[in-house]
$ cat structure.txt   # compact mmCIF, C-alpha atoms
# COMPACT_ATOMS: atom_id res chain seq x y z
CA MET A 884 0.00 0.00 0.00
CA GLN A 885 2.83 2.38 0.91
CA ASN A 886 4.63 1.60 -2.37
CA GLU A 887 1.45 2.32 -4.37
CA LEU A 888 1.01 5.64 -2.52
CA LYS A 889 4.65 6.64 -3.28
CA ALA A 890 4.19 5.77 -6.95
CA THR A 891 1.02 7.88 -7.13
CA LEU A 892 2.77 10.86 -5.46
CA ASN A 893 5.68 10.54 -7.91
CA LEU A 894 3.27 10.57 -10.84
CA ILE A 895 1.57 13.72 -9.47
CA LYS A 896 4.98 15.42 -9.10
CA GLU A 897 5.91 14.48 -12.65
CA ASP A 898 2.55 15.78 -13.94
CA LYS A 899 3.15 19.04 -12.07
CA VAL A 900 6.57 19.43 -13.68
CA VAL A 901 5.12 18.70 -17.13
CA PHE A 902 2.28 21.18 -16.50
CA LYS A 903 4.70 23.88 -15.33
CA MET A 904 6.87 23.34 -18.43
CA ALA A 905 3.82 23.54 -20.70
CA LEU A 906 2.65 26.70 -18.94
CA LEU A 907 6.11 28.27 -19.26
CA ILE A 908 6.27 27.46 -23.00
CA ALA A 909 2.78 28.93 -23.51
CA VAL A 910 3.71 32.15 -21.68
CA LEU A 911 6.98 32.52 -23.62
CA THR A 912 5.16 31.94 -26.91
CA LEU A 913 2.60 34.62 -26.00
CA VAL A 914 5.35 37.10 -25.04
CA LEU A 915 7.12 36.50 -28.36
CA LEU A 916 3.88 36.94 -30.31
CA VAL A 917 3.00 40.16 -28.49
CA SER A 918 6.49 41.64 -28.84
CA ALA A 919 6.57 40.73 -32.54
CA SER A 920 3.29 42.54 -33.14
CA THR A 921 4.05 45.66 -31.11
CA SER A 922 7.76 46.35 -31.53
CA PRO A 923 8.68 49.06 -34.07
CA ALA A 924 10.29 48.17 -37.39
CA ILE A 925 13.65 49.28 -36.04
CA ALA A 926 14.63 49.39 -32.37
CA LEU A 927 16.04 52.82 -31.53
CA SER A 928 18.54 53.55 -28.76
CA LEU A 929 20.10 56.61 -27.14
CA ASN A 930 23.69 55.36 -27.55
CA HIS A 931 23.43 54.13 -31.16
CA TYR A 932 26.35 56.29 -32.40
CA GLU A 933 28.39 56.29 -29.20
CA LYS A 934 31.24 54.31 -30.78
CA THR A 935 30.65 54.84 -34.52
CA CYS A 936 30.00 58.61 -34.68
CA PRO A 937 30.18 60.22 -31.21
CA ASP A 938 30.20 63.85 -32.48
CA VAL A 939 27.21 63.57 -34.82
CA GLU A 940 24.79 65.62 -32.69
CA SER A 941 27.20 68.52 -32.19
CA ILE A 942 27.97 68.55 -35.96
CA VAL A 943 24.24 68.79 -36.78
CA ALA A 944 23.57 71.36 -34.03
CA LYS A 945 26.31 73.65 -35.37
CA ALA A 946 24.95 73.36 -38.94
CA VAL A 947 21.44 74.29 -37.75
CA GLU A 948 22.78 77.17 -35.68
CA ARG A 949 24.80 78.60 -38.59
CA ALA A 950 21.77 78.47 -40.89
CA THR A 951 19.52 80.08 -38.24
CA MET A 952 21.93 82.99 -37.78
CA LYS A 953 21.44 83.80 -41.49
CA ASP A 954 17.71 83.02 -41.66
CA LYS A 955 15.40 83.17 -38.61
CA THR A 956 12.74 81.08 -40.38
CA VAL A 957 14.98 77.96 -40.45
CA PRO A 958 13.92 76.45 -37.06
CA ALA A 959 10.20 76.49 -37.91
CA ALA A 960 10.98 75.05 -41.36
CA LEU A 961 12.99 72.13 -39.92
CA LEU A 962 10.38 71.31 -37.27
CA ARG A 963 7.62 71.25 -39.91
CA MET A 964 9.80 69.18 -42.26
CA HIS A 965 10.27 66.54 -39.53
CA PHE A 966 6.49 66.38 -38.88
CA HIS A 967 5.77 66.00 -42.59
CA ASP A 968 8.42 63.30 -42.87
CA CYS A 969 7.14 61.25 -39.92
CA PHE A 970 3.49 61.36 -41.01
CA ILE A 971 4.24 59.67 -44.35
CA ARG A 972 5.81 56.18 -44.05
CA GLY A 973 7.31 57.07 -40.64
CA CYS A 974 10.45 59.14 -39.96
CA ASP A 975 12.48 57.75 -42.87
CA ALA A 976 13.71 60.95 -44.59
CA SER A 977 11.45 60.20 -47.59
CA VAL A 978 10.55 63.93 -47.58
CA LEU A 979 14.18 64.74 -48.51
CA LEU A 980 14.26 62.67 -51.72
CA TYR A 981 14.15 64.54 -55.03
CA SER A 982 11.71 63.67 -57.81
CA LYS A 983 13.30 61.46 -60.47
CA GLY A 984 12.03 60.48 -63.90
CA ASN A 985 8.32 59.70 -63.76
CA ASN A 986 8.30 59.56 -59.96
CA LYS A 987 7.12 62.76 -58.29
CA ALA A 988 8.51 62.76 -54.73
CA GLU A 989 6.86 63.86 -51.47
CA LYS A 990 8.62 67.23 -51.44
CA ASP A 991 6.77 68.12 -54.67
CA GLY A 992 3.35 67.14 -53.32
CA PRO A 993 0.87 70.06 -52.89
CA ALA A 994 1.08 70.06 -49.07
CA ASN A 995 4.89 70.20 -49.17
CA LEU A 996 5.50 72.89 -51.78
CA SER A 997 6.01 75.48 -49.02
CA LEU A 998 8.57 73.35 -47.15
CA HIS A 999 12.04 74.91 -47.18
CA GLY A 1000 15.42 74.56 -45.50
CA PHE A 1001 16.36 71.29 -47.22
CA TYR A 1002 19.87 72.68 -47.74
CA VAL A 1003 20.42 72.72 -43.95
CA ILE A 1004 19.97 68.93 -43.74
CA GLU A 1005 21.97 68.36 -46.94
CA ASN A 1006 24.88 70.44 -45.63
CA ALA A 1007 24.77 68.73 -42.21
CA LYS A 1008 24.80 65.34 -43.94
CA LYS A 1009 27.95 66.28 -45.93
CA GLU A 1010 29.73 67.25 -42.70
CA VAL A 1011 28.59 64.06 -40.93
CA GLU A 1012 29.72 61.94 -43.91
CA ALA A 1013 33.16 63.58 -43.76
CA ALA A 1014 33.45 62.59 -40.07
CA CYS A 1015 31.79 59.15 -40.19
CA PRO A 1016 31.08 57.88 -43.72
CA GLY A 1017 28.05 55.64 -44.23
CA VAL A 1018 27.06 55.53 -40.57
CA VAL A 1019 24.34 58.12 -39.81
CA SER A 1020 20.97 58.13 -41.57
CA CYS A 1021 19.39 61.27 -43.02
CA ALA A 1022 16.31 60.42 -40.94
CA ASP A 1023 18.36 60.70 -37.73
CA ILE A 1024 19.95 63.96 -38.91
CA LEU A 1025 16.47 65.45 -39.52
CA ALA A 1026 15.30 64.27 -36.07
CA PHE A 1027 18.35 65.91 -34.43
CA ALA A 1028 17.80 69.10 -36.44
CA ALA A 1029 14.12 69.33 -35.38
CA ARG A 1030 15.17 69.07 -31.72
CA ASP A 1031 17.93 71.68 -32.27
CA ALA A 1032 15.38 73.96 -33.96
CA VAL A 1033 13.19 73.90 -30.84
CA VAL A 1034 16.19 74.56 -28.56
CA LEU A 1035 17.40 77.50 -30.70
CA SER A 1036 13.89 78.97 -30.45
CA GLY A 1037 14.05 78.93 -26.65
CA GLY A 1038 12.19 75.65 -26.21
CA PRO A 1039 13.11 72.47 -24.28
CA THR A 1040 15.81 69.96 -25.20
CA TRP A 1041 15.62 66.17 -25.10
CA GLU A 1042 17.60 63.03 -25.88
CA VAL A 1043 16.69 61.89 -29.40
CA PRO A 1044 16.45 58.09 -29.81
CA LYS A 1045 18.76 57.04 -32.67
CA GLY A 1046 19.11 54.32 -35.28
CA ARG A 1047 16.47 55.23 -37.88
CA LYS A 1048 16.97 53.99 -41.43
CA ASP A 1049 16.27 55.96 -44.61
CA GLY A 1050 13.39 54.95 -46.87
CA ARG A 1051 13.65 54.19 -50.58
CA THR A 1052 10.13 55.28 -51.54
CA SER A 1053 8.78 58.83 -51.83
CA LYS A 1054 5.50 59.59 -53.61
CA ALA A 1055 3.87 63.02 -53.93
CA SER A 1056 0.44 61.33 -54.07
CA GLU A 1057 0.87 60.11 -50.48
CA THR A 1058 1.09 63.67 -49.08
CA ILE A 1059 -2.72 63.70 -49.18
CA GLN A 1060 -2.42 61.72 -45.92
CA LEU A 1061 -1.00 64.76 -44.06
CA PRO A 1062 -3.42 66.42 -41.62
CA ALA A 1063 -4.82 69.53 -43.31
CA PRO A 1064 -5.27 72.99 -41.72
CA THR A 1065 -9.00 72.68 -42.53
CA PHE A 1066 -9.48 69.44 -40.52
CA ASN A 1067 -12.11 69.16 -37.79
CA ILE A 1068 -11.42 67.34 -34.51
CA SER A 1069 -12.60 63.90 -35.67
CA GLN A 1070 -10.43 64.10 -38.80
CA LEU A 1071 -7.45 65.16 -36.68
CA GLN A 1072 -8.06 62.36 -34.19
CA GLN A 1073 -8.25 59.78 -36.99
CA SER A 1074 -5.07 61.06 -38.66
CA PHE A 1075 -3.09 60.89 -35.42
CA SER A 1076 -4.51 57.57 -34.18
CA GLN A 1077 -3.58 55.90 -37.49
CA ARG A 1078 0.02 56.65 -36.50
CA GLY A 1079 -0.37 55.42 -32.93
CA LEU A 1080 -0.64 58.96 -31.55
CA SER A 1081 -3.20 59.95 -28.91
CA MET A 1082 -5.37 63.03 -28.35
CA ASP A 1083 -2.71 64.22 -25.86
CA ASP A 1084 -0.10 63.93 -28.62
CA LEU A 1085 -2.38 65.82 -31.02
CA VAL A 1086 -2.65 68.85 -28.71
CA ALA A 1087 1.01 68.83 -27.65
CA LEU A 1088 2.34 68.51 -31.21
CA SER A 1089 -0.08 71.18 -32.47
CA GLY A 1090 1.88 73.45 -30.14
CA GLY A 1091 4.63 73.36 -32.76
CA HIS A 1092 2.52 76.07 -34.43
CA THR A 1093 3.99 78.47 -31.87
CA ILE A 1094 6.80 79.11 -34.37
CA GLY A 1095 6.55 79.82 -38.07
CA PHE A 1096 4.54 81.42 -40.85
CA SER A 1097 1.51 80.43 -42.92
CA HIS A 1098 0.59 81.34 -46.47
CA CYS A 1099 -2.89 82.75 -47.11
CA SER A 1100 -4.05 79.55 -48.84
CA SER A 1101 -3.98 77.64 -45.53
CA PHE A 1102 -6.52 79.90 -43.80
CA GLN A 1103 -8.34 81.56 -46.74
CA ASN A 1104 -11.37 79.35 -46.04
CA ARG A 1105 -11.94 81.12 -42.70
CA ILE A 1106 -11.86 84.74 -43.89
CA ARG A 1107 -13.99 84.52 -47.07
CA ASN A 1108 -17.00 82.39 -48.10
CA PHE A 1109 -16.78 80.37 -44.88
CA ASN A 1110 -20.17 78.72 -45.40
CA ALA A 1111 -23.69 79.43 -46.72
CA THR A 1112 -24.53 81.49 -43.60
CA HIS A 1113 -21.28 83.25 -42.73
CA ASP A 1114 -18.68 84.95 -44.89
CA ILE A 1115 -16.18 84.81 -42.00
CA ASP A 1116 -15.68 81.95 -39.53
CA PRO A 1117 -17.87 83.01 -36.54
CA THR A 1118 -15.25 81.69 -34.08
CA MET A 1119 -12.83 84.36 -35.35
CA PRO A 1120 -12.98 87.89 -33.81
CA PRO A 1121 -14.04 90.37 -36.56
CA SER A 1122 -11.00 92.63 -36.02
CA PHE A 1123 -8.62 89.66 -36.41
CA ALA A 1124 -10.46 88.51 -39.56
CA ALA A 1125 -10.25 92.06 -40.98
CA SER A 1126 -6.47 92.20 -40.42
CA LEU A 1127 -6.03 88.84 -42.18
CA ARG A 1128 -8.22 89.99 -45.11
CA ASN A 1129 -5.91 92.98 -45.51
CA VAL A 1130 -2.87 90.69 -45.60
CA CYS A 1131 -4.62 88.33 -48.03
CA PRO A 1132 -6.58 90.42 -50.59
CA ILE A 1133 -8.95 88.68 -53.03
CA LYS A 1134 -6.69 89.35 -56.01
CA ASN A 1135 -3.57 88.16 -54.28
CA ASN A 1136 -0.63 87.92 -56.65
CA ALA A 1137 1.97 87.91 -53.89
CA LYS A 1138 3.18 84.29 -53.68
CA ASN A 1139 4.61 84.79 -50.19
CA ALA A 1140 1.64 86.65 -48.65
CA GLY A 1141 0.54 85.31 -45.28
CA ALA A 1142 0.81 85.74 -41.54
CA THR A 1143 3.00 84.56 -38.67
CA MET A 1144 1.55 81.69 -36.64
CA ASP A 1145 1.64 83.85 -33.51
CA PRO A 1146 3.12 87.29 -32.64
CA SER A 1147 6.23 85.66 -31.11
CA SER A 1148 6.77 83.53 -34.21
CA THR A 1149 10.47 82.80 -33.59
CA ALA A 1150 10.03 81.99 -29.88
CA PHE A 1151 9.01 78.51 -28.78
CA ASP A 1152 6.48 79.25 -26.01
CA ASN A 1153 2.85 78.58 -25.05
CA THR A 1154 1.41 81.73 -26.72
CA TYR A 1155 -0.27 79.52 -29.35
CA PHE A 1156 -2.58 78.00 -26.72
CA LYS A 1157 -3.49 81.42 -25.32
CA LEU A 1158 -4.38 82.52 -28.86
CA ILE A 1159 -6.68 79.51 -29.33
CA LEU A 1160 -8.65 80.67 -26.29
CA GLN A 1161 -8.91 84.16 -27.83
CA GLY A 1162 -9.98 82.75 -31.23
CA LYS A 1163 -6.87 84.25 -32.82
CA THR A 1164 -5.14 81.27 -34.43
CA LEU A 1165 -4.92 80.91 -38.20
CA PHE A 1166 -6.15 77.39 -38.93
CA SER A 1167 -9.55 75.73 -38.53
CA SER A 1168 -7.60 72.76 -37.13
CA ASP A 1169 -6.21 74.98 -34.34
CA GLN A 1170 -9.64 76.20 -33.23
CA ALA A 1171 -10.99 72.64 -33.59
CA LEU A 1172 -9.04 71.74 -30.42
CA LEU A 1173 -11.77 73.56 -28.44
CA THR A 1174 -14.57 71.37 -29.84
CA ASN A 1175 -13.73 68.25 -27.80
CA PRO A 1176 -13.73 68.16 -23.97
CA LYS A 1177 -10.42 66.26 -23.75
CA THR A 1178 -8.47 68.49 -26.14
CA LYS A 1179 -10.13 71.65 -24.79
CA GLY A 1180 -8.94 70.77 -21.28
CA LEU A 1181 -5.38 70.34 -22.54
CA VAL A 1182 -5.51 73.70 -24.36
CA TYR A 1183 -6.44 75.39 -21.07
CA LYS A 1184 -3.74 73.46 -19.22
CA PHE A 1185 -0.98 74.37 -21.70
CA ALA A 1186 -2.16 78.00 -21.96
CA SER A 1187 -1.71 78.37 -18.20
CA SER A 1188 1.56 76.43 -17.89
CA LYS A 1189 4.49 76.61 -20.32
CA GLN A 1190 6.20 73.91 -18.25
CA SER A 1191 3.28 71.47 -18.72
CA PHE A 1192 3.26 72.15 -22.46
CA GLU A 1193 7.01 71.64 -22.84
CA LYS A 1194 6.96 68.35 -20.93
CA ALA A 1195 4.07 67.03 -23.03
CA PHE A 1196 5.67 68.27 -26.27
CA VAL A 1197 8.95 66.46 -25.54
CA ASN A 1198 7.14 63.18 -24.76
CA SER A 1199 5.04 63.41 -27.93
CA MET A 1200 8.03 64.35 -30.11
CA ILE A 1201 9.94 61.28 -28.91
CA LYS A 1202 6.87 59.12 -29.57
CA MET A 1203 6.25 60.57 -33.06
CA SER A 1204 9.91 60.52 -34.09
CA SER A 1205 10.14 56.82 -33.21
CA LEU A 1206 7.80 55.90 -36.10
CA ASN A 1207 10.20 54.40 -38.62
CA GLY A 1208 10.26 52.01 -41.51
CA GLY A 1209 13.38 52.79 -43.55
CA GLN A 1210 15.78 50.31 -45.12
CA GLU A 1211 19.18 51.95 -45.72
CA ILE A 1212 21.70 54.64 -44.73
CA ARG A 1213 21.74 57.08 -47.66
CA LYS A 1214 25.08 58.54 -48.75
CA ASP A 1215 23.25 61.61 -50.12
CA CYS A 1216 19.92 62.64 -48.58
CA ARG A 1217 18.51 63.63 -51.98
CA VAL A 1218 18.80 60.21 -53.67
CA VAL A 1219 18.54 56.54 -52.71
CA ASN A 1220 21.80 54.53 -52.76
$ encode --input "structure.txt" --output "structure tokens"
Amino acid sequence: MQNELKATLNLIKEDKVVFKMALLIAVLTLVLLVSASTSPAIALSLNHYEKTCPDVESIVAKAVERATMKDKTVPAALLRMHFHDCFIRGCDASVLLYSKGNNKAEKDGPANLSLHGFYVIENAKKEVEAACPGVVSCADILAFAARDAVVLSGGPTWEVPKGRKDGRTSKASETIQLPAPTFNISQLQQSFSQRGLSMDDLVALSGGHTIGFSHCSSFQNRIRNFNATHDIDPTMPPSFAASLRNVCPIKNNAKNAGATMDPSSTAFDNTYFKLILQGKTLFSSDQALLTNPKTKGLVYKFASSKQSFEKAFVNSMIKMSSLNGGQEIRKDCRVVN
């Protein structure tokens, strides 16, 4: 009887071991499946160039600073360029590629015709190539430059995750996917969520509009023929609308006519959010942030605290700039290898 009892206990122990092993295998399989489905195309790291190109960030920062000293519009241009790059195929420097043959590249798409400052990235790339040939991607250089642009404008700094690859595809037709200045809140939410970005990210990244300039075409819809009932967008103060109509006459032949995004257009601050509350921002998409309780609350929060805005902006920039799907390290940012 005792021998039978021992044998039974041994069988139970063996079954327990088998069960534990099976459970462990199942858990490991699940972890691998989850990580495979959620990890980005390329894992980024803060020390990616520590051994291969340790001076890359200071080289890029100096190039951006030199360009800014000659042209105060450079920081806003680089920040916008980075946004437009990341929203199409991830941050893969596809926005830097030139059109070739029958292929019309992103930079020649309607939404990107007003992008400028490409020479800053191209010059920085030449200097980086001289120091560390074939090591640093154009996508990383643009991500560094966008951060440097914010810093030079008096905004916060942050550690940029590194290791992006450059893409080989750039199509002007895909720029239709960029969020438009005429978007309402549900269109904005959809555009951002398709890229894994939240409503918090939407409001924080919209704060990039604190620096820069807009052409009349981006806000013309608000100051003339707004809808069947109103000629001017009713959310816009009449005096502000009148000043914009003066800047943008009906027969406007001036290609560069437009207005600064806010009065302190070269300073990275929280003025943009204060202007939203006054109805004095340029785009429909800016004012749309007041039409949803969540985004409206964040506008109030950022308008009252520059520190809160800067913290949120940094977090969202890191999140957005980690979208990547490139394949190579370009030798020249304008053409694929």
$ closest_residue --input "structure.txt" --among "A:Pro958, A:Ser977, A:Ala994, A:Ala1007" --to "Phe1151 (chain A)" --atoms "only C-alpha atoms"
A:Pro958
$ closest_residue --input "structure.txt" --among "A:Met964, A:Ile942, A:Ile971, A:Ile1115" --to "Glu1057 (chain A)" --atoms "all atoms listed in the file"
A:Ile971
$ atom_distance --input "structure.txt" --atom1 "CA of Pro1120 (chain A)" --atom2 "CA of Gln1161 (chain A)"
8.1 Å
$ atom_distance --input "structure.txt" --atom1 "CA of Phe1102 (chain A)" --atom2 "CA of Leu961 (chain A)"
21.4 Å
$ atom_distance --input "structure.txt" --atom1 "CA of Leu996 (chain A)" --atom2 "CA of Leu979 (chain A)"
12.3 Å
$ closest_residue --input "structure.txt" --among "A:Ala1195, A:Ile1094, A:Cys1021, A:Ala1124" --to "Thr1154 (chain A)" --atoms "all atoms listed in the file"
A:Ile1094
$ residues_around --input "structure.txt" --residues "Phe1192 (chain A)" --least-positions-apart "3" --cutoff "12 Å" --atoms "all atoms listed in the file" --output "short mmCIF file (atom, residue, chain, number, x, y, z; two decimals) with C-alpha atoms, keeping the file's coordinate frame"
data_model
loop_
_atom_site.label_atom_id
_atom_site.label_comp_id
_atom_site.auth_asym_id
_atom_site.auth_seq_id
_atom_site.Cartn_x
_atom_site.Cartn_y
_atom_site.Cartn_z
CA GLY A 1038 12.19 75.65 -26.21
CA PRO A 1039 13.11 72.47 -24.28
CA ASP A 1083 -2.71 64.22 -25.86
CA ASP A 1084 -0.10 63.93 -28.62
CA VAL A 1086 -2.65 68.85 -28.71
CA ALA A 1087 1.01 68.83 -27.65
CA LEU A 1088 2.34 68.51 -31.21
CA SER A 1089 -0.08 71.18 -32.47
CA GLY A 1090 1.88 73.45 -30.14
CA GLY A 1091 4.63 73.36 -32.76
CA THR A 1093 3.99 78.47 -31.87
CA PHE A 1151 9.01 78.51 -28.78
CA ASP A 1152 6.48 79.25 -26.01
CA ASN A 1153 2.85 78.58 -25.05
CA THR A 1154 1.41 81.73 -26.72
CA TYR A 1155 -0.27 79.52 -29.35
CA PHE A 1156 -2.58 78.00 -26.72
CA LYS A 1157 -3.49 81.42 -25.32
CA LEU A 1181 -5.38 70.34 -22.54
CA VAL A 1182 -5.51 73.70 -24.36
CA TYR A 1183 -6.44 75.39 -21.07
CA LYS A 1184 -3.74 73.46 -19.22
CA PHE A 1185 -0.98 74.37 -21.70
CA ALA A 1186 -2.16 78.00 -21.96
CA SER A 1187 -1.71 78.37 -18.20
CA SER A 1188 1.56 76.43 -17.89
CA LYS A 1189 4.49 76.61 -20.32
CA ALA A 1195 4.07 67.03 -23.03
CA PHE A 1196 5.67 68.27 -26.27
CA VAL A 1197 8.95 66.46 -25.54
CA ASN A 1198 7.14 63.18 -24.76
CA SER A 1199 5.04 63.41 -27.93
CA MET A 1200 8.03 64.35 -30.11
#
$ residues_around --input "structure.txt" --residues "Pro1121 (chain A)" --least-positions-apart "6" --cutoff "12 Å" --atoms "only C-alpha atoms" --output "list of chain:residue names"
A:Arg1105, A:Ile1106, A:His1113, A:Asp1114, A:Ile1115, A:Leu1127, A:Arg1128, A:Gln1161, A:Gly1162, A:Lys1163
$ closest_residue --input "structure.txt" --among "A:Ala950, A:Ile1059, A:Ala1111, A:Ala944" --to "Leu1025 (chain A)" --atoms "only C-alpha atoms"
A:Ala944
$ residues_around --input "structure.txt" --residues "Gln1072 (chain A)" --least-positions-apart "3" --cutoff "8 Å" --atoms "only C-alpha atoms" --output "number ranges by chain"
A: 1068-1069, 1075-1076, 1081-1082, 1085
$ residues_around --input "structure.txt" --residues "Asn1104 (chain A)" --least-positions-apart "4" --cutoff "9 Å" --atoms "all atoms listed in the file" --output "JSON, numbers by chain"
{"A": [1065, 1100, 1108, 1109, 1110, 1115, 1116, 1167]}
$ closest_residue --input "structure.txt" --among "A:Pro1062, A:Thr1143, A:Ser941, A:Ser1036" --to "Ala1014 (chain A)" --atoms "only C-alpha atoms"
A:Ser941
$ residues_around --input "structure.txt" --residues "Met1144 (chain A)" --least-positions-apart "4" --cutoff "9 Å" --atoms "all atoms listed in the file" --output "ChimeraX atom specification"
/A:1092-1097,1148,1155,1164-1165
$ closest_residue --input "structure.txt" --among "A:Ser928, A:Cys1216, A:Leu1158, A:Thr1052" --to "Asp1145 (chain A)" --atoms "all atoms listed in the file"
A:Leu1158
$ build_atoms --input "structure.txt" --residues "region 1017-1024 of chain A" --atoms "all heavy atoms" --output "PDB file, in the frame of the given file"
ATOM      1  N   GLY A1017      28.974  56.779 -44.147  1.00  0.00           N
ATOM      2  CA  GLY A1017      28.050  55.640 -44.230  1.00  0.00           C
ATOM      3  C   GLY A1017      27.475  55.145 -42.930  1.00  0.00           C
ATOM      4  O   GLY A1017      26.990  54.022 -42.852  1.00  0.00           O
ATOM      5  N   VAL A1018      27.497  55.992 -41.900  1.00  0.00           N
ATOM      6  CA  VAL A1018      27.060  55.530 -40.570  1.00  0.00           C
ATOM      7  C   VAL A1018      25.718  56.116 -40.132  1.00  0.00           C
ATOM      8  O   VAL A1018      24.848  55.409 -39.616  1.00  0.00           O
ATOM      9  CB  VAL A1018      28.143  55.881 -39.501  1.00  0.00           C
ATOM     10  CG1 VAL A1018      27.638  55.591 -38.094  1.00  0.00           C
ATOM     11  CG2 VAL A1018      29.427  55.115 -39.770  1.00  0.00           C
ATOM     12  N   VAL A1019      25.526  57.424 -40.345  1.00  0.00           N
ATOM     13  CA  VAL A1019      24.340  58.120 -39.810  1.00  0.00           C
ATOM     14  C   VAL A1019      23.290  58.346 -40.892  1.00  0.00           C
ATOM     15  O   VAL A1019      23.600  58.858 -41.974  1.00  0.00           O
ATOM     16  CB  VAL A1019      24.743  59.481 -39.186  1.00  0.00           C
ATOM     17  CG1 VAL A1019      23.526  60.175 -38.575  1.00  0.00           C
ATOM     18  CG2 VAL A1019      25.832  59.298 -38.140  1.00  0.00           C
ATOM     19  N   SER A1020      22.064  57.967 -40.603  1.00  0.00           N
ATOM     20  CA  SER A1020      20.970  58.130 -41.570  1.00  0.00           C
ATOM     21  C   SER A1020      20.530  59.591 -41.670  1.00  0.00           C
ATOM     22  O   SER A1020      20.677  60.368 -40.729  1.00  0.00           O
ATOM     23  CB  SER A1020      19.780  57.264 -41.162  1.00  0.00           C
ATOM     24  OG  SER A1020      19.223  57.737 -39.942  1.00  0.00           O
ATOM     25  N   CYS A1021      19.969  59.934 -42.821  1.00  0.00           N
ATOM     26  CA  CYS A1021      19.390  61.270 -43.020  1.00  0.00           C
ATOM     27  C   CYS A1021      18.189  61.459 -42.097  1.00  0.00           C
ATOM     28  O   CYS A1021      17.930  62.567 -41.629  1.00  0.00           O
ATOM     29  CB  CYS A1021      18.965  61.433 -44.474  1.00  0.00           C
ATOM     30  SG  CYS A1021      20.329  61.301 -45.646  1.00  0.00           S
ATOM     31  N   ALA A1022      17.475  60.367 -41.826  1.00  0.00           N
ATOM     32  CA  ALA A1022      16.310  60.420 -40.940  1.00  0.00           C
ATOM     33  C   ALA A1022      16.722  60.847 -39.532  1.00  0.00           C
ATOM     34  O   ALA A1022      16.046  61.658 -38.891  1.00  0.00           O
ATOM     35  CB  ALA A1022      15.616  59.055 -40.900  1.00  0.00           C
ATOM     36  N   ASP A1023      17.849  60.304 -39.045  1.00  0.00           N
ATOM     37  CA  ASP A1023      18.360  60.700 -37.730  1.00  0.00           C
ATOM     38  C   ASP A1023      18.809  62.164 -37.734  1.00  0.00           C
ATOM     39  O   ASP A1023      18.565  62.908 -36.788  1.00  0.00           O
ATOM     40  CB  ASP A1023      19.512  59.795 -37.295  1.00  0.00           C
ATOM     41  CG  ASP A1023      19.045  58.525 -36.592  1.00  0.00           C
ATOM     42  OD1 ASP A1023      17.835  58.438 -36.273  1.00  0.00           O
ATOM     43  OD2 ASP A1023      19.874  57.636 -36.353  1.00  0.00           O
ATOM     44  N   ILE A1024      19.475  62.574 -38.816  1.00  0.00           N
ATOM     45  CA  ILE A1024      19.950  63.960 -38.910  1.00  0.00           C
ATOM     46  C   ILE A1024      18.761  64.927 -38.853  1.00  0.00           C
ATOM     47  O   ILE A1024      18.810  65.948 -38.154  1.00  0.00           O
ATOM     48  CB  ILE A1024      20.797  64.169 -40.192  1.00  0.00           C
ATOM     49  CG1 ILE A1024      22.135  63.424 -40.041  1.00  0.00           C
ATOM     50  CG2 ILE A1024      21.038  65.656 -40.466  1.00  0.00           C
ATOM     51  CD1 ILE A1024      22.979  63.379 -41.303  1.00  0.00           C
TER      52      ILE A1024
END
